[in-house]
Amino acid sequence: MAMKVCNTIRQTREFLRAIHEGGKILGLVPTMGALHEGHLSLIRRCRAECDLAAVSIFVNPTQFGPSEDLDSYPRTLDADSEHCRRLGVDLIFAPTDKEMYPSANLTWINLDKLTEHLCGAARPLHFRGVCTVLAKLFNIIRPDIAYFGQKDAQQLAVLRRMVADLNVPVEIRTCPTIREPDGLALSSRNQYLTADQRRQATCLHRALSWAREMIAAGQTDSAPLIQTMQEIIAASPDVRIDYISIVDNDLLQPLSRVDRPALIALAVFFGNVRLIDNIDITPHTLK
Ligand code: PAF
């Protein structure tokens with residue numbers, strides 16, 4: 001089937017009507033474009049596991065704060081479409097802002113608890129925007145399965161909870177973080193790093209891996225773990241740590257001891273570029 005590109009909700013629904021009626025399994029990879037190998041791994045998995053693979057490409061304005069990088073966020077629709085075509089995607093949904101938000105939105109999805117810490121602390125309206133746009137995308141496309149990367153661990157936890165709490169009929173599947181050979185997690189924002197910042201940014205994965213080793217060796221107090229991770233990262237010039245946190249894997253609340261499944265997550269600025277990364281810790285599987 002030739003890949004279809006739809007810019008409107010009406011076109012998309014018309015295209016998908018027969019697919020829904022035919023009982024085919026429809027997979028969706030929601031993205032903001034600027035596709036890199038991390039996204040491509042989600043698309044490949046979606047393609048392999050579903051009868052039909054859809055990719056949405058929409059830089060969602062409601063998840064950016066007023067002083068964030070909405071205007072400069074990379075928009076590379078031609079290259080993205082080419083990647084999708086090559087991987088056998090059936091549908092790209094690439095709406096305009098006006099199509100998605102014809103008037104100022106008055107209905108929002110807010111999650112308690114899970115959005116209090118980590119990225120939610122510094123970006124108070126971010127997850128409201130993410131959940132609302134995903135609810136809209138799920139209603140427009142009605143996928144059976146949607147694919148997300150472990151790199152956005154808080155987004156994933158929030159979405160899983162939203163889908164459960166609101167009985168959204170979609171299964172969320174997680175794919176591992178894809179990394180450069182030196183450990184840096186792939187991100188659309190990596191392209192903004194200077195050569196020096198790019199070299200320094202390897203400290204994020206180094207700090208997380210160090211903490212994982214310490215926990216495997218029996219060090220479970222969070223405070224000294226966080227302190228040393230801060231030192232590893234702050235050794236690079238030009239960095240500003242937004243947060244380094246150890247939280248439980250369920251409600252993402254800070255843990256003073258790593259005595260249950262946990263997430264170590266961080267956000268760090270290199271100049272103006274904010275990078276996130278995380279590592280999943282399940283104490284009994286570390287030994
Ligand atoms: O992870 C992203 O790229 C975005 O937050 C998402 C899920 C596409 C919603 O805009």
# chains A, B, ... in the order shown; residues from 1 in each chain; ligands from 1

call {"tool": "residues_around", "arguments": {"residues": "Asn272 (chain A)", "least_positions_apart": "3", "cutoff": "10 Å", "atoms": "only C-alpha atoms", "output": "PyMOL selection string"}}
result
chain A and resi 68-69+192-193+238-240+268-269+275

call {"tool": "write_last_selection", "arguments": {"atoms": "N, CA and C atoms", "output": "compact mmCIF listing (two decimals), in the first residue's frame"}}
result
# COMPACT_ATOMS: atom_id res chain seq x y z
N GLU A 68 10.17 28.24 26.37
CA GLU A 68 10.82 27.03 25.84
C GLU A 68 11.01 27.13 24.32
N ASP A 69 11.51 26.01 23.74
CA ASP A 69 12.03 26.08 22.37
C ASP A 69 11.01 25.71 21.28
N TYR A 192 21.53 20.47 18.58
CA TYR A 192 21.83 21.84 18.99
C TYR A 192 23.08 21.95 19.84
N LEU A 193 23.65 20.81 20.24
CA LEU A 193 24.85 20.85 21.08
C LEU A 193 26.05 21.27 20.25
N ASP A 238 29.88 24.60 31.63
CA ASP A 238 28.72 24.95 30.80
C ASP A 238 27.48 24.08 31.06
N VAL A 239 27.42 23.41 32.23
CA VAL A 239 26.23 22.62 32.51
C VAL A 239 25.44 23.24 33.65
N ARG A 240 24.13 23.05 33.60
CA ARG A 240 23.27 23.45 34.72
C ARG A 240 22.30 22.29 34.94
N VAL A 268 19.34 17.98 32.42
CA VAL A 268 20.53 18.84 32.54
C VAL A 268 20.60 19.75 31.32
N PHE A 269 20.90 21.03 31.57
CA PHE A 269 21.11 21.98 30.48
C PHE A 269 22.58 22.00 30.10
N LEU A 275 18.68 18.34 28.15
CA LEU A 275 18.64 16.91 27.81
C LEU A 275 18.10 16.13 29.01

call {"tool": "residues_around", "arguments": {"residues": "region 173-181 of chain A", "least_positions_apart": "5", "cutoff": "9 Å", "atoms": "only C-alpha atoms", "output": "list in words"}}
result
Glu37, Gly38, His39, Ser41, Leu42, Arg45, Ile145, Ala146, Tyr147, Phe148, Gly149, Gln150, Lys151, Asp152, Leu156, Leu186 and Asp277 of chain A

call {"tool": "closest_residue", "arguments": {"among": "A:Leu251, A:Val168, A:Leu204, A:Ile276", "to": "ligand 1", "atoms": "only C-alpha atoms and all ligand atoms"}}
result
A:Ile276

call {"tool": "residues_near_ligand", "arguments": {"ligand": "ligand 1", "cutoff": "9 Å", "atoms": "only C-alpha atoms and all ligand atoms", "output": "PyMOL selection string"}}
result
chain A and resi 29-33+39+56-63+126-127+129-134+137+148-149+152+155-156

call {"tool": "residues_around", "arguments": {"residues": "region 220-231 of chain A", "least_positions_apart": "4", "cutoff": "9 Å", "atoms": "only C-alpha atoms", "output": "ChimeraX atom specification"}}
result
/A:204,206-208,210-211,214-216,235,241,244-246,255-259,283

call {"tool": "write_last_selection", "arguments": {"atoms": "N, CA and C atoms", "output": "PDB file, in the first residue's frame"}}
result
ATOM      1  N   LEU A 204      26.077  12.263  31.328  1.00  0.00           N
ATOM      2  CA  LEU A 204      24.747  11.868  31.829  1.00  0.00           C
ATOM      3  C   LEU A 204      24.659  10.348  31.969  1.00  0.00           C
ATOM      4  N   ARG A 206      27.158   8.331  31.962  1.00  0.00           N
ATOM      5  CA  ARG A 206      28.211   7.891  32.896  1.00  0.00           C
ATOM      6  C   ARG A 206      27.694   7.956  34.328  1.00  0.00           C
ATOM      7  N   ALA A 207      27.033   9.049  34.675  1.00  0.00           N
ATOM      8  CA  ALA A 207      26.528   9.221  36.044  1.00  0.00           C
ATOM      9  C   ALA A 207      25.449   8.170  36.352  1.00  0.00           C
ATOM     10  N   LEU A 208      24.560   7.946  35.399  1.00  0.00           N
ATOM     11  CA  LEU A 208      23.488   6.964  35.624  1.00  0.00           C
ATOM     12  C   LEU A 208      24.060   5.550  35.750  1.00  0.00           C
ATOM     13  N   TRP A 210      27.068   4.739  36.705  1.00  0.00           N
ATOM     14  CA  TRP A 210      27.782   4.653  37.979  1.00  0.00           C
ATOM     15  C   TRP A 210      26.786   4.354  39.106  1.00  0.00           C
ATOM     16  N   ALA A 211      25.662   5.066  39.118  1.00  0.00           N
ATOM     17  CA  ALA A 211      24.671   4.870  40.195  1.00  0.00           C
ATOM     18  C   ALA A 211      24.132   3.437  40.149  1.00  0.00           C
ATOM     19  N   MET A 214      26.641   1.174  41.726  1.00  0.00           N
ATOM     20  CA  MET A 214      26.681   1.341  43.186  1.00  0.00           C
ATOM     21  C   MET A 214      25.503   0.621  43.838  1.00  0.00           C
ATOM     22  N   ILE A 215      24.338   0.756  43.227  1.00  0.00           N
ATOM     23  CA  ILE A 215      23.144   0.110  43.800  1.00  0.00           C
ATOM     24  C   ILE A 215      23.307  -1.413  43.724  1.00  0.00           C
ATOM     25  N   ALA A 216      23.847  -1.889  42.599  1.00  0.00           N
ATOM     26  CA  ALA A 216      24.080  -3.338  42.468  1.00  0.00           C
ATOM     27  C   ALA A 216      25.063  -3.815  43.528  1.00  0.00           C
ATOM     28  N   ALA A 235      31.204  18.366  36.832  1.00  0.00           N
ATOM     29  CA  ALA A 235      32.615  18.473  36.440  1.00  0.00           C
ATOM     30  C   ALA A 235      32.742  19.026  35.019  1.00  0.00           C
ATOM     31  N   ILE A 241      22.356  21.764  36.180  1.00  0.00           N
ATOM     32  CA  ILE A 241      21.499  20.604  36.474  1.00  0.00           C
ATOM     33  C   ILE A 241      20.104  21.107  36.821  1.00  0.00           C
ATOM     34  N   ILE A 244      18.244  15.851  39.438  1.00  0.00           N
ATOM     35  CA  ILE A 244      18.647  14.439  39.433  1.00  0.00           C
ATOM     36  C   ILE A 244      17.817  13.818  40.545  1.00  0.00           C
ATOM     37  N   SER A 245      16.972  12.857  40.240  1.00  0.00           N
ATOM     38  CA  SER A 245      16.065  12.319  41.257  1.00  0.00           C
ATOM     39  C   SER A 245      16.013  10.802  41.203  1.00  0.00           C
ATOM     40  N   ILE A 246      15.779  10.243  42.365  1.00  0.00           N
ATOM     41  CA  ILE A 246      15.514   8.804  42.444  1.00  0.00           C
ATOM     42  C   ILE A 246      14.087   8.676  42.963  1.00  0.00           C
ATOM     43  N   LEU A 255      12.467   8.706  46.604  1.00  0.00           N
ATOM     44  CA  LEU A 255      12.784   7.610  47.523  1.00  0.00           C
ATOM     45  C   LEU A 255      14.041   7.975  48.304  1.00  0.00           C
ATOM     46  N   SER A 256      14.041   7.778  49.608  1.00  0.00           N
ATOM     47  CA  SER A 256      15.282   8.021  50.349  1.00  0.00           C
ATOM     48  C   SER A 256      16.191   6.788  50.277  1.00  0.00           C
ATOM     49  N   ARG A 257      15.602   5.620  50.052  1.00  0.00           N
ATOM     50  CA  ARG A 257      16.380   4.395  49.852  1.00  0.00           C
ATOM     51  C   ARG A 257      15.861   3.659  48.623  1.00  0.00           C
ATOM     52  N   VAL A 258      16.789   3.068  47.885  1.00  0.00           N
ATOM     53  CA  VAL A 258      16.385   2.314  46.687  1.00  0.00           C
ATOM     54  C   VAL A 258      16.080   0.888  47.123  1.00  0.00           C
ATOM     55  N   ASP A 259      14.897   0.709  47.691  1.00  0.00           N
ATOM     56  CA  ASP A 259      14.543  -0.608  48.231  1.00  0.00           C
ATOM     57  C   ASP A 259      13.338  -1.212  47.512  1.00  0.00           C
ATOM     58  N   PRO A 283      15.902  -3.408  42.185  1.00  0.00           N
ATOM     59  CA  PRO A 283      16.999  -3.855  43.060  1.00  0.00           C
ATOM     60  C   PRO A 283      17.303  -5.341  42.981  1.00  0.00           C
TER      61      PRO A 283
END

call {"tool": "select_by_dssp", "arguments": {"residues": "region 75-232 of chain A", "states": "alpha helix (DSSP H)", "output": "ChimeraX atom specification"}}
result
/A:77-86,97-100,119-122,126-141,153-165,195-200,202-216,222-232

call {"tool": "residues_around", "arguments": {"residues": "Asp80 (chain A)", "least_positions_apart": "2", "cutoff": "7 Å", "atoms": "only C-alpha atoms", "output": "PyMOL selection string"}}
result
chain A and resi 33-35+76-78+82-84

call {"tool": "decode", "arguments": {"residues": "region 59-89 of chain A", "atoms": "N, CA and C atoms", "output": "compact mmCIF listing (two decimals), in the first residue's frame"}}
result
# COMPACT_ATOMS: atom_id res chain seq x y z
N VAL A 59 4.27 19.09 16.11
CA VAL A 59 4.99 19.78 17.19
C VAL A 59 3.91 20.48 18.02
N ASN A 60 3.58 19.85 19.13
CA ASN A 60 2.39 20.24 19.90
C ASN A 60 2.66 21.48 20.75
N PRO A 61 2.07 22.63 20.38
CA PRO A 61 2.41 23.86 21.10
C PRO A 61 2.00 23.85 22.57
N THR A 62 0.97 23.06 22.92
CA THR A 62 0.47 23.16 24.30
C THR A 62 1.36 22.45 25.32
N GLN A 63 2.39 21.75 24.84
CA GLN A 63 3.28 21.11 25.82
C GLN A 63 4.58 21.89 26.03
N PHE A 64 4.69 23.04 25.37
CA PHE A 64 5.87 23.91 25.54
C PHE A 64 5.51 25.07 26.46
N GLY A 65 6.40 25.41 27.37
CA GLY A 65 6.20 26.59 28.22
C GLY A 65 6.54 27.84 27.43
N PRO A 66 6.18 29.02 27.97
CA PRO A 66 6.37 30.29 27.24
C PRO A 66 7.84 30.57 26.89
N SER A 67 8.78 30.13 27.74
CA SER A 67 10.18 30.45 27.43
C SER A 67 10.91 29.23 26.85
N GLU A 68 10.17 28.24 26.37
CA GLU A 68 10.82 27.03 25.84
C GLU A 68 11.01 27.13 24.32
N ASP A 69 11.51 26.01 23.74
CA ASP A 69 12.03 26.08 22.37
C ASP A 69 11.01 25.71 21.28
N LEU A 70 9.73 26.11 21.46
CA LEU A 70 8.72 25.77 20.44
C LEU A 70 9.11 26.31 19.06
N ASP A 71 9.52 27.59 18.99
CA ASP A 71 9.79 28.19 17.67
C ASP A 71 11.00 27.56 17.01
N SER A 72 12.00 27.21 17.81
CA SER A 72 13.22 26.68 17.20
C SER A 72 13.22 25.14 17.12
N TYR A 73 12.14 24.49 17.58
CA TYR A 73 12.11 23.02 17.54
C TYR A 73 12.24 22.58 16.08
N PRO A 74 13.12 21.60 15.78
CA PRO A 74 13.36 21.24 14.37
C PRO A 74 12.11 20.71 13.67
N ARG A 75 11.87 21.22 12.48
CA ARG A 75 10.73 20.74 11.66
C ARG A 75 11.29 20.25 10.34
N THR A 76 11.23 18.94 10.12
CA THR A 76 11.92 18.32 8.97
C THR A 76 10.98 17.33 8.29
N LEU A 77 9.80 17.84 7.90
CA LEU A 77 8.75 16.94 7.41
C LEU A 77 9.17 16.11 6.19
N ASP A 78 9.94 16.73 5.25
CA ASP A 78 10.30 15.97 4.05
C ASP A 78 11.19 14.77 4.41
N ALA A 79 12.20 15.05 5.22
CA ALA A 79 13.10 13.95 5.62
C ALA A 79 12.34 12.92 6.45
N ASP A 80 11.44 13.39 7.32
CA ASP A 80 10.66 12.46 8.17
C ASP A 80 9.79 11.55 7.29
N SER A 81 9.16 12.16 6.27
CA SER A 81 8.28 11.38 5.39
C SER A 81 9.09 10.31 4.66
N GLU A 82 10.30 10.68 4.25
CA GLU A 82 11.15 9.73 3.54
C GLU A 82 11.51 8.53 4.44
N HIS A 83 11.86 8.83 5.69
CA HIS A 83 12.13 7.74 6.65
C HIS A 83 10.91 6.82 6.76
N CYS A 84 9.74 7.45 6.89
CA CYS A 84 8.51 6.66 7.09
C CYS A 84 8.24 5.79 5.86
N ARG A 85 8.41 6.39 4.68
CA ARG A 85 8.15 5.64 3.44
C ARG A 85 9.07 4.42 3.38
N ARG A 86 10.34 4.66 3.70
CA ARG A 86 11.34 3.59 3.64
C ARG A 86 10.99 2.44 4.60
N LEU A 87 10.39 2.81 5.74
CA LEU A 87 10.09 1.78 6.76
C LEU A 87 8.71 1.15 6.56
N GLY A 88 8.03 1.54 5.49
CA GLY A 88 6.74 0.89 5.18
C GLY A 88 5.57 1.41 5.99
N VAL A 89 5.64 2.67 6.44
CA VAL A 89 4.51 3.28 7.17
C VAL A 89 3.33 3.44 6.21
